[in-house]
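Data block below; observations after.
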Amino acid sequence: MTPDTRDDRVDDLRQQLRALGYLDAGVDRFVLAPARGARGPFIIAVLSSLRIGLLGALLLGPAAAVGVRSRLPDLVTGLRDAIVVAIYLGVLFGAALFVLSLGASLIAAASVRPSSARFTVRARRFALGAGGAIAIALLAYLTLWWRTATAGFGWGAPGWTSLTLVAAVAISLLLGHAVMTAMLATLAAAAPASPLPRLPSPSWRLRIAGFAVAFAGAAALLLWTAPGVAAGRETPPLTVVPTGVRVRVIAVDGFDAALFREMSARGALPALTAALDGARAELIAEDTRDPARAWTTIATGEPPAIHGVRGLETRRVAGVQGSVDARTAGAIGRLIGGATDLLRLTRPAVVTRGERHAKTFWEVATDAGLRTTVVNWWASWPAPDTGATILTDRAVLRLERGGALDAEIAPTSLYPALRELWPALRARARSVATEAFGDVDADEIRDILERSAELDTSMLALAAALPGPPADLTAVYLPGLDIAQHALFSREGGASLSPSAAASRLDAVRAYYSFLDRALRDPLSSDPDECLVIIMEPGRVDVAGRGLMALGGRCAAPNARVEAHALDAAPTILAALGVPLSRELRGAPIAALFSRPFVDAHPVRYVASYGSPSAVRQVRRGQPLDEEMIERLRSLGYVR
């Protein structure tokens, strides 16, 4: 075939499309611009598909970014993040459309024989089928993104929903039509001697009817899927029936039940023994190797599959301030994570509140109007400005580094006073740690114990230094014991300790139990207006061990001994406060831990749901401490 023949063939296609009204639109002229000269079907397919990919990137990138902003609110934290995410997703979807369009065009060119008598019919079916499939897939995708972006309310906002579906239908039909046009151009170049397939007449009635059918299908899909998403997610008012007690939660990581019993039996832990001798529940053994996952389960009353925190490590996307859950479990996931880190597309980060999809017990208490304080809990950053006092898991790092807050502390008004107090608090914590372990002979062991003791002492000192009247709920997380025992007994490469070295390190752990007992003497002291809740978990151990949850004060039953799950901790705390429980919670209050008068006077009440975590964001003006946080966790043995 001569170049002139092919030019004529392309001109025939152009004339047919123009006669049918398609080339009146700029998008057809844009897609078919490569169909000229002596180019063969492969070149035309590649160049036309590239243009379709570019068109799809411009249209689908921003649309996808809206859905990502809704599903991963901590990833897209502002306009800049939204633009970067839209570019990333535009490239992704543009590449996908390019591959789909190119593949469909080449398959059609190879499958439809030019000499066949059925060429016209088969070419028409191929073109309409490919374009229709692309249009339907895109319309379903955009509709489901809108459902996600609106948290499932769908037709609760008919105006916005109608406009959005009109845009979705227009984008889908446009890209589907572009794929169909590119395929026809490819077939025209591949079959110069065969008659061109004739397209349906694009009369305005047919166009309106097709648009209406597509809109109705998208609306039906939205109605069909929205109820399942929205069900039970409305937040009813939480009416507190006061129980007359404040609740103080002390969480200790790294607890070993056998070692505690041994030391308690010989009177080495008087404060802890007295506090744990009342109402007590053994928490059934579970995997606690990742502290962020384990303590978020305790805080929410939901399993990881529901609360969403799978691990303390996440990934931050290059150019985006927010982070996204890495979920790099398994060899393939680790390989992908390592490859994207190597290419500087992602970098390691620490799990944040944005990855958590369920409310914690302190967030529920705050919603109920109670004064709440939480210190150093996992996945508490960035702290929302909702009225609670929150010193996040990054608060100490900010106090050490100084500078403008990046939502490490809420409310922000606390920061100047705490920053002024911090040098004295830190010096006192170091002094206490040195006094406790300064006579340990081995330098490595002494450094481990002093570092852990300084951290726990700092957390307790910060909680005690907070101004104002006592909160209705106070929760403090102490990681020192877990950090100490993990550093003392973990060995890279599977190397074993000698018996004498193991005995020396076990004595060091016993010494830390004694220190912790002294440090908690005042926080564990009896207060008639408080219900004391102690939660102890085994920490990062290979073999799952049992935890412990104890209640003290006048809310507690004397000498109660039961079994429970970590999921039951949050409902028990909320029941002690008189807050109604969500029927969605997987855990249940441990009723046997409460005294009979308390249970009779304050029966458990329920609501349908607590709703989703608050989307309110704290003011973030400071430089995020992402790299500093990773280095701190690495120095403490949490990450490698």
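Going by the structure tokens order, chains are called A, B, ..., each with residues numbered from 1, while ligands are numbered from 1 in the order shown.
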Practice task
With a distance cut-off of 8 Å and only C-alpha atoms, select the neighbouring residues of region 274-291 of chain A, excluding the residue or stretch itself and same-chain residues fewer than 6 positions from it, and output the selection as a PyMOL selection string.
Solution key: chain A and resi 311-312+378+524+534+537-552+556-566+593-594
Practice task
Tell me which protein, DNA and RNA residues are within 8 Å of region 472-479 of chain A, counting only C-alpha atoms, leaving out same-chain ones fewer than 3 positions away, and put them as a list of chain:residue names.
Solution key: A:Val245, A:Arg246, A:Val247, A:Arg248, A:Val249, A:Ile250, A:Ala251, A:Val252, A:Asp253, A:Gly254, A:Trp362, A:Ala365, A:Leu370, A:Arg371, A:Thr372, A:Thr373, A:Val374, A:Val375, A:Asn376, A:Trp377, A:Ser452, A:Leu455, A:Asp456, A:Met459, A:Leu460, A:Ala463, A:Asp482, A:Ile483, A:Leu577
Those selected residues, please, written with N, CA, C and O atoms and delivered as an mmCIF file, in the first residue's frame.
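Full text of out10.cif as output:
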data_model
loop_
_atom_site.group_PDB
_atom_site.id
_atom_site.type_symbol
_atom_site.label_atom_id
_atom_site.label_comp_id
_atom_site.auth_asym_id
_atom_site.auth_seq_id
_atom_site.Cartn_x
_atom_site.Cartn_y
_atom_site.Cartn_z
ATOM 1 N N VAL A 245 -17.173 8.985 90.094
ATOM 2 C CA VAL A 245 -15.739 8.713 90.216
ATOM 3 C C VAL A 245 -15.011 9.223 88.983
ATOM 4 O O VAL A 245 -15.566 9.240 87.882
ATOM 5 N N ARG A 246 -13.787 9.655 89.214
ATOM 6 C CA ARG A 246 -12.886 9.915 88.096
ATOM 7 C C ARG A 246 -12.142 8.616 87.787
ATOM 8 O O ARG A 246 -11.943 7.782 88.664
ATOM 9 N N VAL A 247 -11.720 8.473 86.535
ATOM 10 C CA VAL A 247 -11.021 7.256 86.121
ATOM 11 C C VAL A 247 -9.591 7.619 85.746
ATOM 12 O O VAL A 247 -9.355 8.545 84.968
ATOM 13 N N ARG A 248 -8.646 6.889 86.339
ATOM 14 C CA ARG A 248 -7.238 7.071 86.018
ATOM 15 C C ARG A 248 -6.704 5.763 85.464
ATOM 16 O O ARG A 248 -6.776 4.719 86.109
ATOM 17 N N VAL A 249 -6.171 5.812 84.230
ATOM 18 C CA VAL A 249 -5.669 4.629 83.544
ATOM 19 C C VAL A 249 -4.146 4.704 83.498
ATOM 20 O O VAL A 249 -3.578 5.683 83.022
ATOM 21 N N ILE A 250 -3.507 3.662 84.009
ATOM 22 C CA ILE A 250 -2.059 3.543 83.931
ATOM 23 C C ILE A 250 -1.749 2.307 83.096
ATOM 24 O O ILE A 250 -2.121 1.192 83.467
ATOM 25 N N ALA A 251 -1.114 2.521 81.958
ATOM 26 C CA ALA A 251 -0.805 1.435 81.023
ATOM 27 C C ALA A 251 0.692 1.152 81.053
ATOM 28 O O ALA A 251 1.492 2.056 80.827
ATOM 29 N N VAL A 252 1.043 -0.089 81.334
ATOM 30 C CA VAL A 252 2.447 -0.497 81.432
ATOM 31 C C VAL A 252 2.711 -1.554 80.377
ATOM 32 O O VAL A 252 2.060 -2.603 80.355
ATOM 33 N N ASP A 253 3.680 -1.286 79.513
ATOM 34 C CA ASP A 253 4.051 -2.231 78.468
ATOM 35 C C ASP A 253 5.247 -3.053 78.924
ATOM 36 O O ASP A 253 6.112 -2.559 79.647
ATOM 37 N N GLY A 254 5.295 -4.337 78.492
ATOM 38 C CA GLY A 254 6.434 -5.193 78.816
ATOM 39 C C GLY A 254 6.253 -6.012 80.078
ATOM 40 O O GLY A 254 7.239 -6.486 80.668
ATOM 41 N N TRP A 362 -10.719 7.740 75.085
ATOM 42 C CA TRP A 362 -10.665 9.147 75.477
ATOM 43 C C TRP A 362 -11.385 10.041 74.481
ATOM 44 O O TRP A 362 -11.942 11.073 74.865
ATOM 45 N N ALA A 365 -15.037 9.724 75.429
ATOM 46 C CA ALA A 365 -15.302 10.479 76.652
ATOM 47 C C ALA A 365 -15.339 11.976 76.366
ATOM 48 O O ALA A 365 -16.167 12.716 76.922
ATOM 49 N N LEU A 370 -16.834 15.011 78.777
ATOM 50 C CA LEU A 370 -15.985 14.827 79.941
ATOM 51 C C LEU A 370 -14.610 15.446 79.713
ATOM 52 O O LEU A 370 -14.131 15.526 78.582
ATOM 53 N N ARG A 371 -13.984 15.874 80.804
ATOM 54 C CA ARG A 371 -12.616 16.392 80.726
ATOM 55 C C ARG A 371 -11.658 15.207 80.651
ATOM 56 O O ARG A 371 -11.673 14.330 81.520
ATOM 57 N N THR A 372 -10.836 15.174 79.605
ATOM 58 C CA THR A 372 -9.969 14.019 79.398
ATOM 59 C C THR A 372 -8.524 14.459 79.193
ATOM 60 O O THR A 372 -8.254 15.526 78.637
ATOM 61 N N THR A 373 -7.606 13.588 79.632
ATOM 62 C CA THR A 373 -6.176 13.807 79.458
ATOM 63 C C THR A 373 -5.545 12.482 79.055
ATOM 64 O O THR A 373 -5.822 11.444 79.668
ATOM 65 N N VAL A 374 -4.713 12.504 78.030
ATOM 66 C CA VAL A 374 -3.999 11.301 77.618
ATOM 67 C C VAL A 374 -2.555 11.678 77.338
ATOM 68 O O VAL A 374 -2.278 12.727 76.751
ATOM 69 N N VAL A 375 -1.643 10.828 77.798
ATOM 70 C CA VAL A 375 -0.214 11.115 77.684
ATOM 71 C C VAL A 375 0.488 9.934 77.011
ATOM 72 O O VAL A 375 0.430 8.807 77.518
ATOM 73 N N ASN A 376 1.102 10.192 75.854
ATOM 74 C CA ASN A 376 2.060 9.287 75.222
ATOM 75 C C ASN A 376 1.448 8.015 74.644
ATOM 76 O O ASN A 376 2.139 7.002 74.519
ATOM 77 N N TRP A 377 0.195 8.042 74.231
ATOM 78 C CA TRP A 377 -0.399 6.827 73.657
ATOM 79 C C TRP A 377 -0.033 6.726 72.185
ATOM 80 O O TRP A 377 0.114 7.715 71.483
ATOM 81 N N SER A 452 15.378 3.960 79.915
ATOM 82 C CA SER A 452 13.980 3.576 80.111
ATOM 83 C C SER A 452 13.374 4.272 81.321
ATOM 84 O O SER A 452 12.228 4.747 81.271
ATOM 85 N N LEU A 455 12.568 7.906 80.627
ATOM 86 C CA LEU A 455 11.373 8.066 79.797
ATOM 87 C C LEU A 455 10.104 7.900 80.620
ATOM 88 O O LEU A 455 9.189 8.736 80.550
ATOM 89 N N ASP A 456 10.023 6.835 81.420
ATOM 90 C CA ASP A 456 8.820 6.623 82.235
ATOM 91 C C ASP A 456 8.630 7.740 83.259
ATOM 92 O O ASP A 456 7.509 8.224 83.474
ATOM 93 N N MET A 459 7.162 10.791 81.571
ATOM 94 C CA MET A 459 5.732 10.686 81.272
ATOM 95 C C MET A 459 4.883 10.962 82.517
ATOM 96 O O MET A 459 3.888 11.691 82.470
ATOM 97 N N LEU A 460 5.294 10.371 83.643
ATOM 98 C CA LEU A 460 4.551 10.591 84.882
ATOM 99 C C LEU A 460 4.650 12.040 85.341
ATOM 100 O O LEU A 460 3.667 12.621 85.828
ATOM 101 N N ALA A 463 2.352 14.254 83.152
ATOM 102 C CA ALA A 463 0.943 14.086 83.538
ATOM 103 C C ALA A 463 0.641 14.845 84.821
ATOM 104 O O ALA A 463 -0.426 15.459 84.961
ATOM 105 N N ASP A 482 9.039 -2.328 78.649
ATOM 106 C CA ASP A 482 9.148 -3.032 77.366
ATOM 107 C C ASP A 482 10.443 -2.668 76.641
ATOM 108 O O ASP A 482 11.117 -3.548 76.086
ATOM 109 N N ILE A 483 10.797 -1.394 76.654
ATOM 110 C CA ILE A 483 12.036 -0.959 76.002
ATOM 111 C C ILE A 483 13.238 -1.622 76.665
ATOM 112 O O ILE A 483 14.159 -2.113 75.996
ATOM 113 N N LEU A 577 -16.997 5.321 83.638
ATOM 114 C CA LEU A 577 -17.290 6.746 83.547
ATOM 115 C C LEU A 577 -18.782 7.043 83.419
ATOM 116 O O LEU A 577 -19.191 8.200 83.508
#
Practice task
For CA of Gly40 (chain A) and CA of Ala135 (chain A), quote the distance in Å rounded to one decimal.
Solution key: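 Separating CA of Gly40 (chain A) from CA of Ala135 (chain A) is a distance of 26.7 Å.
Interatomic distance, CA of Gly90 (chain A) against CA of Leu58 (chain A): 6.3 Å.
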Problem - DSSP helix (DSSP H, G or I) selection over region 351-439 of chain A, as a ChimeraX atom specification - result: /A:353-355,361-367,395-401,414-437
Selected residues, N, CA and C atoms, written as a compact mmCIF listing (two decimals), in the first residue's frame, please.
# COMPACT_ATOMS: atom_id res chain seq x y z
N ARG A 353 -2.67 9.16 63.88
CA ARG A 353 -4.11 9.07 64.16
C ARG A 353 -4.91 8.91 62.87
N GLY A 354 -4.37 9.39 61.75
CA GLY A 354 -5.10 9.30 60.50
C GLY A 354 -5.30 7.88 60.01
N GLU A 355 -4.40 6.95 60.40
CA GLU A 355 -4.56 5.55 60.01
C GLU A 355 -5.58 4.83 60.88
N PHE A 361 -11.10 5.36 73.68
CA PHE A 361 -11.97 5.62 74.84
C PHE A 361 -11.89 7.08 75.27
N TRP A 362 -10.72 7.74 75.08
CA TRP A 362 -10.66 9.15 75.48
C TRP A 362 -11.39 10.04 74.48
N GLU A 363 -11.41 9.67 73.20
CA GLU A 363 -12.17 10.45 72.23
C GLU A 363 -13.67 10.33 72.48
N VAL A 364 -14.12 9.14 72.84
CA VAL A 364 -15.54 8.96 73.16
C VAL A 364 -15.90 9.77 74.40
N ALA A 365 -15.04 9.72 75.43
CA ALA A 365 -15.30 10.48 76.65
C ALA A 365 -15.34 11.98 76.37
N THR A 366 -14.46 12.45 75.49
CA THR A 366 -14.46 13.86 75.12
C THR A 366 -15.75 14.22 74.40
N ASP A 367 -16.20 13.36 73.48
CA ASP A 367 -17.47 13.60 72.79
C ASP A 367 -18.64 13.67 73.77
N ALA A 395 5.11 14.29 71.73
CA ALA A 395 5.16 15.48 72.58
C ALA A 395 6.56 15.68 73.17
N VAL A 396 7.16 14.61 73.71
CA VAL A 396 8.48 14.74 74.30
C VAL A 396 9.50 15.18 73.26
N LEU A 397 9.39 14.65 72.06
CA LEU A 397 10.31 15.02 70.99
C LEU A 397 10.18 16.51 70.68
N ARG A 398 8.95 17.03 70.64
CA ARG A 398 8.76 18.46 70.39
C ARG A 398 9.30 19.29 71.55
N LEU A 399 9.07 18.85 72.77
CA LEU A 399 9.59 19.59 73.92
C LEU A 399 11.12 19.62 73.92
N GLU A 400 11.72 18.55 73.46
CA GLU A 400 13.18 18.51 73.39
C GLU A 400 13.71 19.40 72.28
N ARG A 401 13.06 19.37 71.12
CA ARG A 401 13.55 20.09 69.94
C ARG A 401 13.13 21.55 69.93
N LEU A 414 -1.11 24.95 76.03
CA LEU A 414 -0.28 24.27 77.02
C LEU A 414 1.20 24.32 76.67
N TYR A 415 1.49 24.47 75.41
CA TYR A 415 2.87 24.30 74.95
C TYR A 415 3.87 25.26 75.59
N PRO A 416 3.60 26.58 75.65
CA PRO A 416 4.59 27.48 76.26
C PRO A 416 4.94 27.11 77.70
N ALA A 417 3.93 26.80 78.50
CA ALA A 417 4.19 26.47 79.90
C ALA A 417 4.97 25.16 80.02
N LEU A 418 4.60 24.15 79.23
CA LEU A 418 5.32 22.88 79.30
C LEU A 418 6.74 23.02 78.77
N ARG A 419 6.90 23.84 77.73
CA ARG A 419 8.25 24.06 77.20
C ARG A 419 9.15 24.71 78.24
N GLU A 420 8.58 25.61 79.04
CA GLU A 420 9.35 26.26 80.09
C GLU A 420 9.68 25.29 81.22
N LEU A 421 8.75 24.39 81.52
CA LEU A 421 8.97 23.42 82.59
C LEU A 421 9.87 22.26 82.18
N TRP A 422 9.96 22.00 80.88
CA TRP A 422 10.60 20.79 80.41
C TRP A 422 12.05 20.62 80.86
N PRO A 423 12.92 21.62 80.81
CA PRO A 423 14.30 21.39 81.25
C PRO A 423 14.39 20.89 82.68
N ALA A 424 13.58 21.45 83.59
CA ALA A 424 13.62 20.99 84.98
C ALA A 424 13.04 19.59 85.11
N LEU A 425 11.97 19.28 84.37
CA LEU A 425 11.38 17.94 84.42
C LEU A 425 12.36 16.90 83.89
N ARG A 426 13.02 17.23 82.80
CA ARG A 426 13.98 16.29 82.22
C ARG A 426 15.18 16.08 83.14
N ALA A 427 15.67 17.18 83.74
CA ALA A 427 16.80 17.04 84.67
C ALA A 427 16.42 16.19 85.87
N ARG A 428 15.22 16.38 86.37
CA ARG A 428 14.75 15.58 87.50
C ARG A 428 14.62 14.11 87.11
N ALA A 429 14.10 13.85 85.90
CA ALA A 429 13.95 12.46 85.44
C ALA A 429 15.32 11.80 85.30
N ARG A 430 16.30 12.52 84.79
CA ARG A 430 17.64 11.96 84.66
C ARG A 430 18.25 11.68 86.03
N SER A 431 18.01 12.59 86.95
CA SER A 431 18.54 12.40 88.30
C SER A 431 17.93 11.15 88.95
N VAL A 432 16.62 10.97 88.79
CA VAL A 432 15.95 9.79 89.35
C VAL A 432 16.49 8.52 88.72
N ALA A 433 16.67 8.53 87.41
CA ALA A 433 17.18 7.34 86.72
C ALA A 433 18.61 7.02 87.15
N THR A 434 19.45 8.05 87.27
CA THR A 434 20.84 7.82 87.70
C THR A 434 20.89 7.30 89.13
N GLU A 435 20.05 7.85 89.98
CA GLU A 435 20.02 7.40 91.38
C GLU A 435 19.57 5.95 91.47
N ALA A 436 18.66 5.55 90.60
CA ALA A 436 18.13 4.18 90.66
C ALA A 436 19.12 3.16 90.12
N PHE A 437 19.87 3.52 89.07
CA PHE A 437 20.68 2.50 88.39
C PHE A 437 22.15 2.91 88.22
Problem - Selected residue of minimal separation from Glu450 (chain A) among A:Met183, A:Ala576, A:Leu506, A:Ala511, counting only C-alpha atoms - result: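 Smallest distance to Glu450 (chain A) is found for A:Ala511.
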Exercise for the section: Between A:Gly244, A:Ala123, A:Gly56, A:Ile83, single out the one closest to Leu97 (chain A), counting only C-alpha atoms. Expected result: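 Once distances to Leu97 (chain A) are computed over only C-alpha atoms, the minimum belongs to A:Gly56.
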Problem - Distance query Ala96 (chain A) at most 9 Å, only C-alpha atoms, self and fewer than 5 positions along chain excluded, as a list in words - result: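 The neighbour list is Gly53, Val91 and Ser101 of chain A.
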Since we have the selection now, will you write its residues out, keeping C-alpha atoms, as a CSV table (one decimal), in the first residue's frame?
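Generated output (result_18.csv):
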chain,number,residue,atom,x,y,z
A,53,GLY,CA,-3.8,8.5,28.5
A,91,VAL,CA,0.1,9.4,35.9
A,101,SER,CA,-6.5,1.6,24.7
Exercise for the section: From region 474-533 of chain A, collect each residue whose DSSP state is strand (DSSP E) and return the set as a PyMOL selection string. Expected result: chain A and resi 474-478+530-533
Please produce an output containing N, CA, C and O atoms for each residue in the selection, written as a compact mmCIF listing (two decimals), in the first residue's frame.
# COMPACT_ATOMS: atom_id res chain seq x y z
N THR A 474 -8.01 10.28 82.96
CA THR A 474 -6.59 10.49 82.71
C THR A 474 -5.98 9.15 82.31
O THR A 474 -6.22 8.14 82.97
N ALA A 475 -5.20 9.14 81.23
CA ALA A 475 -4.56 7.91 80.77
C ALA A 475 -3.09 8.20 80.45
O ALA A 475 -2.79 9.17 79.75
N VAL A 476 -2.21 7.37 81.00
CA VAL A 476 -0.77 7.52 80.78
C VAL A 476 -0.20 6.18 80.34
O VAL A 476 -0.46 5.15 80.99
N TYR A 477 0.56 6.20 79.26
CA TYR A 477 1.20 4.99 78.73
C TYR A 477 2.68 5.02 79.06
O TYR A 477 3.38 5.99 78.74
N LEU A 478 3.18 3.95 79.69
CA LEU A 478 4.57 3.84 80.12
C LEU A 478 5.26 2.72 79.33
O LEU A 478 4.98 1.55 79.56
N GLU A 530 -11.66 8.23 92.85
CA GLU A 530 -11.11 7.70 91.62
C GLU A 530 -11.38 6.21 91.48
O GLU A 530 -11.45 5.48 92.48
N CYS A 531 -11.51 5.82 90.23
CA CYS A 531 -11.50 4.40 89.88
C CYS A 531 -10.19 4.17 89.13
O CYS A 531 -9.99 4.71 88.04
N LEU A 532 -9.30 3.44 89.74
CA LEU A 532 -7.98 3.21 89.17
C LEU A 532 -8.03 2.00 88.24
O LEU A 532 -8.50 0.93 88.62
N VAL A 533 -7.55 2.18 87.02
CA VAL A 533 -7.49 1.10 86.03
C VAL A 533 -6.03 0.88 85.65
O VAL A 533 -5.36 1.81 85.19
Problem - Residues near Ser264 (chain A), cut-off 8 Å, only C-alpha atoms, skip fewer than 5 positions along chain, as a PyMOL selection string - result: chain A and resi 269-270+273
Exercise for the section: Excluding region 47-51 of chain A and residues on its chain fewer than 3 positions from it, collect all residues at most 12 Å away from it, counting only C-alpha atoms, and give them as an MDAnalysis selection string. Expected result: chainID A and resid 27:36 39:44 54:58 91 93:106 175:176 178:186
Exercise for the section: Excluding Gly637 (chain A) and residues on its chain fewer than 5 positions from it, collect all residues at most 9 Å away from it, counting only C-alpha atoms, and give them as a ChimeraX atom specification. Expected result: /A:483,486-487,632
Practice task
Mind giving me the straight-line distance from CA of Asp441 (chain A) to CA of Ser504 (chain A) in Å, one decimal?
Solution key: 10.5 Å
Exercise for the section: Tell me, as a PyMOL selection string, which residues lie within 10 Å of Ile409 (chain A), counting only C-alpha atoms; anything in the same chain fewer than 2 positions away does not count. Expected result: chain A and resi 375+380-385+389-396+398-399+405-407+411-415+418+618
File of the preceding selection, N, CA, C and O atoms, as an mmCIF file, in the first residue's frame:
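See part.cif below for the written result:
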data_model
loop_
_atom_site.group_PDB
_atom_site.id
_atom_site.type_symbol
_atom_site.label_atom_id
_atom_site.label_comp_id
_atom_site.auth_asym_id
_atom_site.auth_seq_id
_atom_site.Cartn_x
_atom_site.Cartn_y
_atom_site.Cartn_z
ATOM 1 N N VAL A 375 -1.643 10.828 77.798
ATOM 2 C CA VAL A 375 -0.214 11.115 77.684
ATOM 3 C C VAL A 375 0.488 9.934 77.011
ATOM 4 O O VAL A 375 0.430 8.807 77.518
ATOM 5 N N SER A 380 -1.605 8.701 68.539
ATOM 6 C CA SER A 380 -2.384 9.846 69.014
ATOM 7 C C SER A 380 -2.016 11.140 68.292
ATOM 8 O O SER A 380 -2.698 12.151 68.461
ATOM 9 N N TRP A 381 -0.942 11.130 67.504
ATOM 10 C CA TRP A 381 -0.552 12.321 66.736
ATOM 11 C C TRP A 381 -1.113 12.207 65.309
ATOM 12 O O TRP A 381 -1.141 11.119 64.745
ATOM 13 N N PRO A 382 -1.559 13.353 64.746
ATOM 14 C CA PRO A 382 -1.632 14.708 65.271
ATOM 15 C C PRO A 382 -2.848 14.902 66.171
ATOM 16 O O PRO A 382 -3.927 14.359 65.903
ATOM 17 N N ALA A 383 -2.671 15.655 67.229
ATOM 18 C CA ALA A 383 -3.725 15.828 68.230
ATOM 19 C C ALA A 383 -4.787 16.785 67.721
ATOM 20 O O ALA A 383 -4.468 17.919 67.349
ATOM 21 N N PRO A 384 -6.053 16.378 67.684
ATOM 22 C CA PRO A 384 -7.113 17.289 67.235
ATOM 23 C C PRO A 384 -7.475 18.278 68.340
ATOM 24 O O PRO A 384 -7.379 17.971 69.526
ATOM 25 N N ASP A 385 -7.873 19.458 67.954
ATOM 26 C CA ASP A 385 -8.253 20.488 68.918
ATOM 27 C C ASP A 385 -9.741 20.352 69.224
ATOM 28 O O ASP A 385 -10.567 21.136 68.777
ATOM 29 N N THR A 389 -7.080 17.226 76.545
ATOM 30 C CA THR A 389 -5.667 17.496 76.741
ATOM 31 C C THR A 389 -4.896 16.270 76.261
ATOM 32 O O THR A 389 -5.038 15.186 76.825
ATOM 33 N N ILE A 390 -4.110 16.455 75.213
ATOM 34 C CA ILE A 390 -3.412 15.326 74.597
ATOM 35 C C ILE A 390 -1.937 15.665 74.452
ATOM 36 O O ILE A 390 -1.583 16.635 73.767
ATOM 37 N N LEU A 391 -1.096 14.881 75.100
ATOM 38 C CA LEU A 391 0.341 14.910 74.857
ATOM 39 C C LEU A 391 0.635 13.666 74.030
ATOM 40 O O LEU A 391 0.654 12.554 74.555
ATOM 41 N N THR A 392 0.812 13.847 72.745
ATOM 42 C CA THR A 392 0.899 12.714 71.831
ATOM 43 C C THR A 392 2.212 11.960 72.011
ATOM 44 O O THR A 392 3.085 12.349 72.790
ATOM 45 N N ASP A 393 2.359 10.902 71.217
ATOM 46 C CA ASP A 393 3.596 10.129 71.243
ATOM 47 C C ASP A 393 4.778 10.909 70.683
ATOM 48 O O ASP A 393 5.910 10.423 70.724
ATOM 49 N N ARG A 394 4.538 12.123 70.174
ATOM 50 C CA ARG A 394 5.620 12.992 69.720
ATOM 51 C C ARG A 394 5.838 14.198 70.633
ATOM 52 O O ARG A 394 6.667 15.068 70.324
ATOM 53 N N ALA A 395 5.105 14.286 71.734
ATOM 54 C CA ALA A 395 5.164 15.477 72.575
ATOM 55 C C ALA A 395 6.557 15.678 73.172
ATOM 56 O O ALA A 395 7.084 16.795 73.175
ATOM 57 N N VAL A 396 7.158 14.614 73.705
ATOM 58 C CA VAL A 396 8.484 14.741 74.304
ATOM 59 C C VAL A 396 9.500 15.176 73.258
ATOM 60 O O VAL A 396 10.381 16.006 73.530
ATOM 61 N N ARG A 398 8.955 17.027 70.642
ATOM 62 C CA ARG A 398 8.758 18.458 70.392
ATOM 63 C C ARG A 398 9.298 19.289 71.548
ATOM 64 O O ARG A 398 9.933 20.338 71.336
ATOM 65 N N LEU A 399 9.072 18.852 72.775
ATOM 66 C CA LEU A 399 9.590 19.594 73.922
ATOM 67 C C LEU A 399 11.117 19.621 73.917
ATOM 68 O O LEU A 399 11.727 20.611 74.323
ATOM 69 N N LEU A 405 4.726 24.257 67.164
ATOM 70 C CA LEU A 405 4.002 22.990 67.268
ATOM 71 C C LEU A 405 3.568 22.484 65.908
ATOM 72 O O LEU A 405 3.200 23.265 65.026
ATOM 73 N N ASP A 406 3.589 21.169 65.754
ATOM 74 C CA ASP A 406 2.997 20.502 64.599
ATOM 75 C C ASP A 406 1.968 19.504 65.104
ATOM 76 O O ASP A 406 2.001 18.329 64.768
ATOM 77 N N ALA A 407 1.083 19.992 65.974
ATOM 78 C CA ALA A 407 -0.014 19.191 66.538
ATOM 79 C C ALA A 407 0.479 18.090 67.472
ATOM 80 O O ALA A 407 -0.190 17.088 67.645
ATOM 81 N N PRO A 411 -4.508 21.231 74.148
ATOM 82 C CA PRO A 411 -4.595 22.436 73.322
ATOM 83 C C PRO A 411 -3.244 23.126 73.200
ATOM 84 O O PRO A 411 -2.354 22.928 74.034
ATOM 85 N N THR A 412 -3.110 23.947 72.191
ATOM 86 C CA THR A 412 -1.821 24.598 71.927
ATOM 87 C C THR A 412 -1.401 25.526 73.054
ATOM 88 O O THR A 412 -0.211 25.804 73.217
ATOM 89 N N SER A 413 -2.353 26.008 73.831
ATOM 90 C CA SER A 413 -2.026 26.936 74.920
ATOM 91 C C SER A 413 -1.155 26.282 75.989
ATOM 92 O O SER A 413 -0.508 26.987 76.776
ATOM 93 N N LEU A 414 -1.111 24.953 76.033
ATOM 94 C CA LEU A 414 -0.277 24.267 77.025
ATOM 95 C C LEU A 414 1.204 24.317 76.671
ATOM 96 O O LEU A 414 2.060 24.211 77.556
ATOM 97 N N TYR A 415 1.495 24.473 75.405
ATOM 98 C CA TYR A 415 2.875 24.297 74.947
ATOM 99 C C TYR A 415 3.868 25.265 75.594
ATOM 100 O O TYR A 415 4.930 24.835 76.064
ATOM 101 N N LEU A 418 4.599 24.154 79.227
ATOM 102 C CA LEU A 418 5.317 22.878 79.297
ATOM 103 C C LEU A 418 6.740 23.017 78.768
ATOM 104 O O LEU A 418 7.662 22.386 79.294
ATOM 105 N N GLN A 618 -5.713 19.744 64.315
ATOM 106 C CA GLN A 618 -5.022 20.743 65.097
ATOM 107 C C GLN A 618 -4.252 21.665 64.152
ATOM 108 O O GLN A 618 -3.876 21.270 63.050
#
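Of the residues listed (A:Pro523, A:Gly301, A:Gly308, A:Gly129), A:Gly301 shows the shortest atom-to-atom separation from Pro571 (chain A); distances use only C-alpha atoms.
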